[in-house]
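Text of the file structure-v8.tsv, holding TSV, C-alpha atoms:
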```tsv
chain	number	residue	atom	x	y	z
B	1194	MET	CA	0.00	0.00	0.00
B	1195	SER	CA	1.56	3.29	-1.13
B	1196	LYS	CA	2.01	6.08	1.36
B	1197	LYS	CA	-0.01	9.22	0.62
B	1198	ASN	CA	2.07	12.29	-0.12
B	1199	PRO	CA	1.70	15.17	2.35
B	1200	PRO	CA	-0.11	18.35	1.27
B	1201	VAL	CA	2.02	20.85	-0.65
B	1202	ILE	CA	1.13	23.50	1.95
B	1203	GLU	CA	-0.37	23.09	5.41
B	1204	LEU	CA	-0.96	25.98	7.81
B	1205	ARG	CA	-1.83	25.39	11.46
B	1206	GLY	CA	-3.01	28.28	13.61
B	1207	LEU	CA	-1.08	30.80	11.54
B	1208	THR	CA	-1.20	34.27	13.10
B	1209	LYS	CA	0.28	37.58	12.00
B	1210	LYS	CA	-0.04	40.74	14.10
B	1211	TYR	CA	0.53	44.39	13.25
B	1212	GLY	CA	0.61	47.43	15.53
B	1213	LEU	CA	1.33	47.82	19.24
B	1214	GLY	CA	-0.81	48.07	22.35
B	1215	ASP	CA	-4.35	49.26	21.68
B	1216	ALA	CA	-3.56	49.54	17.96
B	1217	GLU	CA	-2.55	45.88	17.66
B	1218	HIS	CA	-4.68	43.76	15.34
B	1219	ASN	CA	-4.45	40.33	13.78
B	1220	ALA	CA	-3.90	40.53	10.03
B	1221	LEU	CA	-4.14	36.74	10.15
B	1222	ASP	CA	-6.10	35.17	12.99
B	1223	ALA	CA	-5.20	31.51	13.63
B	1224	ILE	CA	-5.53	30.40	10.00
B	1225	ASP	CA	-5.82	26.67	9.28
B	1226	LEU	CA	-5.39	25.81	5.60
B	1227	THR	CA	-4.41	22.74	3.58
B	1228	ILE	CA	-3.45	22.96	-0.10
B	1229	GLU	CA	-3.00	19.79	-2.12
B	1230	LYS	CA	-0.70	19.35	-5.10
B	1231	GLY	CA	-2.24	20.56	-8.36
B	1232	GLU	CA	-4.98	22.77	-6.90
B	1233	PHE	CA	-5.84	26.17	-8.38
B	1234	ILE	CA	-7.04	28.33	-5.49
B	1235	THR	CA	-8.38	31.86	-5.63
B	1236	ILE	CA	-8.45	33.93	-2.43
B	1237	MET	CA	-10.99	36.76	-2.27
B	1238	GLY	CA	-12.13	39.30	0.28
B	1239	PRO	CA	-12.29	43.04	1.00
B	1240	SER	CA	-9.17	45.20	1.32
B	1241	GLY	CA	-7.44	44.63	4.64
B	1242	CYS	CA	-8.84	41.13	5.17
B	1243	GLY	CA	-5.36	39.52	5.12
B	1244	LYS	CA	-5.18	38.15	1.56
B	1245	THR	CA	-1.83	39.68	0.59
B	1246	THR	CA	-0.37	39.06	4.06
B	1247	LEU	CA	-1.22	35.38	3.67
B	1248	LEU	CA	0.30	35.25	0.18
B	1249	ASN	CA	3.51	36.92	1.39
B	1250	ILE	CA	3.89	34.33	4.14
B	1251	LEU	CA	3.19	31.48	1.70
B	1252	GLY	CA	5.88	32.95	-0.57
B	1253	LEU	CA	8.38	33.22	2.31
B	1254	LEU	CA	8.54	36.99	1.88
B	1255	ASP	CA	7.26	37.47	5.44
B	1256	ARG	CA	7.01	35.41	8.63
B	1257	SER	CA	4.10	34.65	10.91
B	1258	ASP	CA	4.11	35.53	14.61
B	1259	ASP	CA	2.55	32.25	15.69
B	1260	GLY	CA	1.44	28.94	14.26
B	1261	GLU	CA	3.10	26.50	11.88
B	1262	TYR	CA	3.80	26.45	8.14
B	1263	LEU	CA	4.50	23.04	6.62
B	1264	LEU	CA	5.84	22.85	3.06
B	1265	ASP	CA	5.75	19.34	1.59
B	1266	GLY	CA	5.24	18.05	5.13
B	1267	LYS	CA	8.25	19.85	6.63
B	1268	SER	CA	8.08	22.81	9.01
B	1269	ILE	CA	9.86	25.87	7.64
B	1270	GLU	CA	9.00	28.43	10.34
B	1271	ASN	CA	12.37	28.36	12.08
B	1272	LEU	CA	14.61	28.25	9.00
B	1273	SER	CA	16.99	31.13	8.29
B	1274	ASN	CA	16.25	33.86	5.74
B	1275	THR	CA	18.97	32.39	3.52
B	1276	ARG	CA	17.28	28.99	3.59
B	1277	HIS	CA	13.92	30.63	2.86
B	1278	ALA	CA	15.43	32.38	-0.16
B	1279	ARG	CA	16.83	29.07	-1.41
B	1280	ILE	CA	13.46	27.33	-1.07
B	1281	ARG	CA	11.76	30.23	-2.81
B	1282	SER	CA	14.20	30.09	-5.74
B	1283	GLN	CA	13.66	26.34	-6.15
B	1284	GLN	CA	9.98	25.77	-5.46
B	1285	ILE	CA	7.97	29.01	-5.53
B	1286	GLY	CA	7.29	31.45	-8.36
B	1287	ILE	CA	5.67	34.80	-7.49
B	1288	VAL	CA	3.70	37.05	-9.85
B	1289	PHE	CA	3.02	40.59	-8.61
B	1290	GLN	CA	0.26	42.98	-9.65
B	1291	SER	CA	2.79	45.75	-10.32
B	1292	PHE	CA	4.96	43.38	-12.44
B	1293	ASN	CA	8.14	44.38	-10.51
B	1294	LEU	CA	10.28	44.30	-13.64
B	1295	ILE	CA	13.68	46.03	-13.39
B	1296	ASN	CA	13.65	48.98	-15.78
B	1297	ARG	CA	17.40	48.97	-16.47
B	1298	LEU	CA	17.26	45.34	-17.67
B	1299	ASN	CA	15.72	44.20	-20.93
B	1300	VAL	CA	13.06	41.47	-21.15
B	1301	ILE	CA	15.36	38.46	-21.43
B	1302	GLU	CA	17.58	39.73	-18.59
B	1303	ASN	CA	14.53	40.25	-16.35
B	1304	VAL	CA	13.35	36.70	-16.99
B	1305	ALA	CA	16.83	35.25	-16.43
B	1306	LEU	CA	17.34	37.10	-13.13
B	1307	PRO	CA	16.07	34.34	-10.76
B	1308	LEU	CA	18.61	31.93	-12.29
B	1309	THR	CA	21.43	34.19	-11.09
B	1310	TYR	CA	20.77	33.07	-7.51
B	1311	LYS	CA	21.24	29.44	-8.55
B	1312	GLY	CA	24.76	30.09	-9.84
B	1313	ILE	CA	23.89	29.30	-13.48
B	1314	HIS	CA	26.31	30.72	-16.08
B	1315	ARG	CA	25.09	33.82	-17.92
B	1316	THR	CA	24.90	32.17	-21.36
B	1317	LYS	CA	22.85	29.26	-19.97
B	1318	ARG	CA	20.60	31.70	-18.07
B	1319	LEU	CA	19.80	33.67	-21.21
B	1320	THR	CA	19.18	30.47	-23.19
B	1321	MET	CA	16.71	29.22	-20.58
B	1322	ALA	CA	14.99	32.62	-20.45
B	1323	SER	CA	14.72	32.70	-24.24
B	1324	GLU	CA	13.11	29.25	-24.29
B	1325	ILE	CA	10.40	30.16	-21.79
B	1326	LEU	CA	9.68	33.47	-23.55
B	1327	LYS	CA	8.76	31.43	-26.65
B	1328	ASN	CA	5.90	29.87	-24.68
B	1329	PHE	CA	4.48	33.36	-24.10
B	1330	HIS	CA	4.96	34.48	-27.73
B	1331	LEU	CA	7.47	37.12	-26.65
B	1332	SER	CA	10.56	35.99	-28.57
B	1333	GLU	CA	10.49	39.06	-30.79
B	1334	ARG	CA	10.58	41.29	-27.69
B	1335	GLU	CA	13.50	39.67	-25.86
B	1336	TYR	CA	15.62	42.80	-26.14
B	1337	TYR	CA	12.87	45.36	-25.51
B	1338	MET	CA	13.02	47.39	-22.32
B	1339	PRO	CA	10.05	47.09	-19.92
B	1340	TRP	CA	8.83	50.59	-20.74
B	1341	GLN	CA	8.47	49.56	-24.39
B	1342	LEU	CA	5.87	46.87	-23.54
B	1343	SER	CA	2.11	46.98	-22.98
B	1344	GLY	CA	0.68	46.10	-19.57
B	1345	GLY	CA	-0.34	42.65	-20.77
B	1346	GLN	CA	3.13	41.99	-22.20
B	1347	MET	CA	4.81	43.10	-18.98
B	1348	GLN	CA	2.62	40.73	-16.96
B	1349	ARG	CA	3.44	37.85	-19.31
B	1350	VAL	CA	7.14	38.66	-18.85
B	1351	ALA	CA	6.57	38.60	-15.07
B	1352	ILE	CA	4.90	35.18	-15.32
B	1353	ALA	CA	7.75	33.89	-17.51
B	1354	ARG	CA	10.22	35.11	-14.87
B	1355	ALA	CA	8.23	33.32	-12.15
B	1356	LEU	CA	8.35	30.07	-14.16
B	1357	VAL	CA	11.96	30.08	-15.36
B	1358	ASN	CA	13.07	28.08	-12.30
B	1359	SER	CA	10.35	25.46	-12.96
B	1360	PRO	CA	8.70	26.00	-9.54
B	1361	SER	CA	5.96	23.64	-8.40
B	1362	ILE	CA	4.00	26.46	-6.69
B	1363	ILE	CA	2.86	29.70	-8.35
B	1364	LEU	CA	1.62	32.57	-6.17
B	1365	ALA	CA	-0.14	35.43	-7.98
B	1366	ASP	CA	-1.17	38.68	-6.29
B	1367	GLU	CA	-3.86	40.40	-8.38
B	1368	PRO	CA	-2.12	39.38	-11.64
B	1369	THR	CA	-4.77	41.08	-13.80
B	1370	GLY	CA	-5.44	44.09	-11.55
B	1371	ASN	CA	-3.68	46.58	-13.85
B	1372	LEU	CA	-4.81	45.07	-17.16
B	1373	ASP	CA	-7.67	45.59	-19.60
B	1374	SER	CA	-10.15	42.75	-20.23
B	1375	LYS	CA	-8.37	41.34	-23.30
B	1376	SER	CA	-4.95	41.29	-21.62
B	1377	SER	CA	-6.55	39.82	-18.48
B	1378	HIS	CA	-8.02	36.99	-20.53
B	1379	ILE	CA	-4.63	36.18	-22.09
B	1380	VAL	CA	-2.89	36.15	-18.70
B	1381	MET	CA	-5.58	33.94	-17.15
B	1382	GLN	CA	-5.34	31.52	-20.08
B	1383	GLU	CA	-1.59	31.29	-19.44
B	1384	LEU	CA	-2.15	30.56	-15.74
B	1385	SER	CA	-4.82	27.99	-16.65
B	1386	ASP	CA	-2.39	26.24	-19.00
B	1387	ILE	CA	0.28	26.24	-16.27
B	1388	HIS	CA	-2.24	24.65	-13.89
B	1389	LYS	CA	-3.06	21.94	-16.44
B	1390	ARG	CA	0.63	21.02	-16.51
B	1391	GLY	CA	0.43	20.13	-12.81
B	1392	ASN	CA	1.47	23.31	-11.01
B	1393	THR	CA	-0.22	24.38	-7.79
B	1394	ILE	CA	-1.54	27.94	-8.09
B	1395	VAL	CA	-2.72	30.30	-5.34
B	1396	MET	CA	-4.10	33.59	-6.66
B	1397	VAL	CA	-5.38	36.64	-4.79
B	1398	THR	CA	-8.01	38.62	-6.69
B	1399	HIS	CA	-10.86	41.10	-6.27
B	1400	ASN	CA	-12.46	39.99	-9.53
B	1401	PRO	CA	-15.22	37.37	-9.01
B	1402	ASN	CA	-15.17	36.50	-12.72
B	1403	LEU	CA	-11.70	34.99	-12.32
B	1404	THR	CA	-12.94	32.36	-9.86
B	1405	THR	CA	-14.19	30.36	-12.86
B	1406	TYR	CA	-10.58	29.34	-13.51
B	1407	ALA	CA	-10.10	27.95	-10.00
B	1408	SER	CA	-10.77	24.52	-8.55
B	1409	ARG	CA	-11.33	26.04	-5.12
B	1410	VAL	CA	-12.45	29.46	-3.86
B	1411	ILE	CA	-11.55	30.89	-0.43
B	1412	HIS	CA	-13.17	34.02	0.99
B	1413	MET	CA	-11.40	35.86	3.81
B	1414	LEU	CA	-12.78	38.36	6.30
B	1415	ASP	CA	-11.01	40.07	9.22
B	1416	GLY	CA	-7.97	37.82	9.04
B	1417	LYS	CA	-9.97	34.60	9.00
B	1418	ILE	CA	-11.22	32.16	6.37
B	1419	ALA	CA	-14.93	32.89	6.08
B	1420	SER	CA	-15.64	30.20	3.48
B	1421	ASP	CA	-13.72	27.56	1.57
B	1422	THR	CA	-15.57	25.86	-1.29
B	1423	LYS	CA	-14.74	23.55	-4.16
B	1424	ASN	CA	-15.55	25.15	-7.48
B	1425	PRO	CA	-17.91	23.01	-9.60
B	1426	VAL	CA	-16.85	24.92	-12.71
B	1427	THR	CA	-13.31	24.15	-13.84
B	1428	PRO	CA	-11.06	25.80	-16.45
B	1429	GLU	CA	-11.72	22.86	-18.78
B	1430	ASP	CA	-15.37	23.94	-19.00
B	1431	PRO	CA	-15.70	26.11	-22.15
B	1432	SER	CA	-18.34	28.25	-20.48
B	1433	ALA	CA	-15.87	29.10	-17.73
B	1434	LYS	CA	-13.10	30.19	-20.09
B	1435	LYS	CA	-15.33	32.31	-22.30
B	1436	PRO	CA	-12.70	32.36	-25.08
B	1437	LEU	CA	-12.46	35.19	-27.52
B	1438	GLY	CA	-14.27	34.50	-30.79
B	1439	SER	CA	-16.92	31.88	-31.48
B	1440	SER	CA	-17.69	29.15	-28.98
B	1441	LYS	CA	-18.28	25.47	-29.70
B	1442	ALA	CA	-21.99	25.97	-29.17
B	1443	THR	CA	-22.01	28.82	-31.68
B	1444	LYS	CA	-20.24	26.63	-34.23
B	1445	VAL	CA	-22.82	23.86	-33.74
B	1446	GLU	CA	-25.66	26.34	-34.22
B	1447	SER	CA	-23.98	27.74	-37.33
B	1448	LYS	CA	-23.62	24.23	-38.73
B	1449	LYS	CA	-27.31	23.53	-38.08
B	1450	SER	CA	-28.28	26.79	-39.77
B	1451	ALA	CA	-26.13	25.99	-42.79
B	1452	THR	CA	-27.70	22.52	-43.08
B	1453	GLY	CA	-31.16	24.08	-42.87
B	1454	ARG	CA	-30.35	26.52	-45.65
B	1455	LYS	CA	-29.09	23.72	-47.91
B	1456	LYS	CA	-32.32	21.75	-47.38
B	1457	LYS	CA	-34.43	24.78	-48.27
B	1458	GLN	CA	-32.37	25.40	-51.41
B	1459	ALA	CA	-32.76	21.72	-52.41
B	1460	LYS	CA	-36.57	21.96	-52.09
B	1461	LYS	CA	-36.59	25.05	-54.30
```
The structure given in the file should be rewritten as structure tokens.
Amino acid sequence: MSKKNPPVIELRGLTKKYGLGDAEHNALDAIDLTIEKGEFITIMGPSGCGKTTLLNILGLLDRSDDGEYLLDGKSIENLSNTRHARIRSQQIGIVFQSFNLINRLNVIENVALPLTYKGIHRTKRLTMASEILKNFHLSEREYYMPWQLSGGQMQRVAIARALVNSPSIILADEPTGNLDSKSSHIVMQELSDIHKRGNTIVMVTHNPNLTTYASRVIHMLDGKIASDTKNPVTPEDPSAKKPLGSSKATKVESKKSATGRKKKQAKK
């Protein structure tokens, strides 16, 4: 009998406090959360509910004040900042709302940057960055500067940078918050494709329409999880994706209409 793998992420009583004395409040209030491998989770809630604080702790950019964080079944709370950075570079990719591209570096250099911390030679870094940029149809913009790109292109570069290390976990903080609807759709399709390849994705968003891409939806309120539900609609459902252009149903209807017209013409 095979042993079941531990959850990718498990939080037990996770608490994060801000302020002092009378001004102290819990940004996270004894959070319990289990995330299995391959889930696509969206976290929603009003501003100040603790969404981004939770994501920062999951991404090892911040630490909790109390509770336990297990990654692949191992506690990481008491590890050094250096060890956290190493884990982050190997297992976790982070996509920010504001892109966080470095303006003095061109596209390919921005994408290759995380590989620097792994000691990979410059030529190999740029080759790996170039390969992943092909997946996002950005090869022709490898040597553009960030300010020469559209918002949607910058976000795709940011996602490529998050993926260049082949992380198993992708954390996205409002990845479409600064984008128009068309660019948002492209970015969400990219994240959906990444999820289909087996990555675990945790995404913070204010947009309820984006929950259709998720397998699970969490609502937060006042530092606590108010609800945690499985999503019956998955990204594989065409009605959830709402792709640009004609849908399968539209094509079927068009085919029926064309058949009907041919029959009428035959009778005439």
Extract, using only C-alpha atoms, all DNA, RNA and protein residues at most 6 Å from region 1297-1303 of chain B, discarding same-chain residues fewer than 4 positions from it, and format them as JSON, numbers by chain. {"B": [1322, 1335, 1336, 1337, 1338]}
Write out as a compact mmCIF listing (two decimals) with C-alpha atoms, keeping the file's coordinate frame which residues come within 8 Å of region 1226-1234 of chain B when counting all atoms listed in the file, dropping same-chain ones fewer than 3 positions away.
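Once everything was written out, this is result.txt:
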```
# COMPACT_ATOMS: atom_id res chain seq x y z
CA PRO B 1199 1.70 15.17 2.35
CA PRO B 1200 -0.11 18.35 1.27
CA VAL B 1201 2.02 20.85 -0.65
CA ILE B 1202 1.13 23.50 1.95
CA GLU B 1203 -0.37 23.09 5.41
CA LEU B 1204 -0.96 25.98 7.81
CA ARG B 1205 -1.83 25.39 11.46
CA HIS B 1388 -2.24 24.65 -13.89
CA GLY B 1391 0.43 20.13 -12.81
CA ASN B 1392 1.47 23.31 -11.01
CA THR B 1393 -0.22 24.38 -7.79
CA ILE B 1394 -1.54 27.94 -8.09
CA VAL B 1395 -2.72 30.30 -5.34
CA MET B 1396 -4.10 33.59 -6.66
CA TYR B 1406 -10.58 29.34 -13.51
CA ALA B 1407 -10.10 27.95 -10.00
CA SER B 1408 -10.77 24.52 -8.55
CA ARG B 1409 -11.33 26.04 -5.12
CA VAL B 1410 -12.45 29.46 -3.86
CA ILE B 1411 -11.55 30.89 -0.43
```
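For the pair CA of Val1350 (chain B) and CA of Gly1238 (chain B), the interatomic distance is 27.2 Å.
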What does the distance between CA of Gln1341 (chain B) and CA of Asn1371 (chain B) come to in Å, to one decimal place?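 So the two atoms, CA of Gln1341 (chain B) and CA of Asn1371 (chain B), lie 16.4 Å apart.
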Could you state the separation of CA of Gly1370 (chain B) and CA of Pro1339 (chain B) in Å, given to one decimal place? 17.9 Å
Pro1401 (chain B): which residues within 10 Å, counting only C-alpha atoms, same-chain residues fewer than 2 positions away excluded, as number ranges by chain? B: 1235, 1237-1238, 1398-1399, 1403-1405, 1410
Check the smallest atom-to-atom distance from each of B:Ile1236, B:Ile1250, B:Leu1207, B:Ala1223 to Met1413 (chain B) using only C-alpha atoms, then report the winner.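 The closest residue to Met1413 (chain B) is B:Ile1236.
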Report as a PyMOL selection string all protein, DNA and RNA residues lying within 12 Å of Ser1374 (chain B), evaluated on all atoms listed in the file, omitting residues in the same chain fewer than 3 positions from it. chain B and resi 1344-1345+1369-1371+1377-1381+1400+1402-1403+1435-1437
Take the residues that were just selected and, keeping C-alpha atoms, output them as a PDB file, in the frame of the given file.
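The resulting file, out.pdb, is shown below:
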```pdb
ATOM      1  CA  GLY B1344       0.680  46.100 -19.570  1.00  0.00           C
ATOM      2  CA  GLY B1345      -0.340  42.650 -20.770  1.00  0.00           C
ATOM      3  CA  THR B1369      -4.770  41.080 -13.800  1.00  0.00           C
ATOM      4  CA  GLY B1370      -5.440  44.090 -11.550  1.00  0.00           C
ATOM      5  CA  ASN B1371      -3.680  46.580 -13.850  1.00  0.00           C
ATOM      6  CA  SER B1377      -6.550  39.820 -18.480  1.00  0.00           C
ATOM      7  CA  HIS B1378      -8.020  36.990 -20.530  1.00  0.00           C
ATOM      8  CA  ILE B1379      -4.630  36.180 -22.090  1.00  0.00           C
ATOM      9  CA  VAL B1380      -2.890  36.150 -18.700  1.00  0.00           C
ATOM     10  CA  MET B1381      -5.580  33.940 -17.150  1.00  0.00           C
ATOM     11  CA  ASN B1400     -12.460  39.990  -9.530  1.00  0.00           C
ATOM     12  CA  ASN B1402     -15.170  36.500 -12.720  1.00  0.00           C
ATOM     13  CA  LEU B1403     -11.700  34.990 -12.320  1.00  0.00           C
ATOM     14  CA  LYS B1435     -15.330  32.310 -22.300  1.00  0.00           C
ATOM     15  CA  PRO B1436     -12.700  32.360 -25.080  1.00  0.00           C
ATOM     16  CA  LEU B1437     -12.460  35.190 -27.520  1.00  0.00           C
TER      17      LEU B1437
END
```
Using only C-alpha atoms, give me every residue within 10 Å of (-0.8, 41.1, 4.2) in file coordinates, as number ranges by chain. B: 1209-1211, 1220-1221, 1240-1250, 1255, 1416
With C-alpha atoms retained, write the just-selected residues as a PDB file, in the coordinates of the input.
```pdb
ATOM      1  CA  LYS B1209       0.280  37.580  12.000  1.00  0.00           C
ATOM      2  CA  LYS B1210      -0.040  40.740  14.100  1.00  0.00           C
ATOM      3  CA  TYR B1211       0.530  44.390  13.250  1.00  0.00           C
ATOM      4  CA  ALA B1220      -3.900  40.530  10.030  1.00  0.00           C
ATOM      5  CA  LEU B1221      -4.140  36.740  10.150  1.00  0.00           C
ATOM      6  CA  SER B1240      -9.170  45.200   1.320  1.00  0.00           C
ATOM      7  CA  GLY B1241      -7.440  44.630   4.640  1.00  0.00           C
ATOM      8  CA  CYS B1242      -8.840  41.130   5.170  1.00  0.00           C
ATOM      9  CA  GLY B1243      -5.360  39.520   5.120  1.00  0.00           C
ATOM     10  CA  LYS B1244      -5.180  38.150   1.560  1.00  0.00           C
ATOM     11  CA  THR B1245      -1.830  39.680   0.590  1.00  0.00           C
ATOM     12  CA  THR B1246      -0.370  39.060   4.060  1.00  0.00           C
ATOM     13  CA  LEU B1247      -1.220  35.380   3.670  1.00  0.00           C
ATOM     14  CA  LEU B1248       0.300  35.250   0.180  1.00  0.00           C
ATOM     15  CA  ASN B1249       3.510  36.920   1.390  1.00  0.00           C
ATOM     16  CA  ILE B1250       3.890  34.330   4.140  1.00  0.00           C
ATOM     17  CA  ASP B1255       7.260  37.470   5.440  1.00  0.00           C
ATOM     18  CA  GLY B1416      -7.970  37.820   9.040  1.00  0.00           C
TER      19      GLY B1416
END
```
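Counting only C-alpha atoms and comparing B:Arg1354, B:Lys1311, B:Lys1389, B:Arg1349, the residue that lies closest to Ser1376 (chain B) is B:Arg1349.
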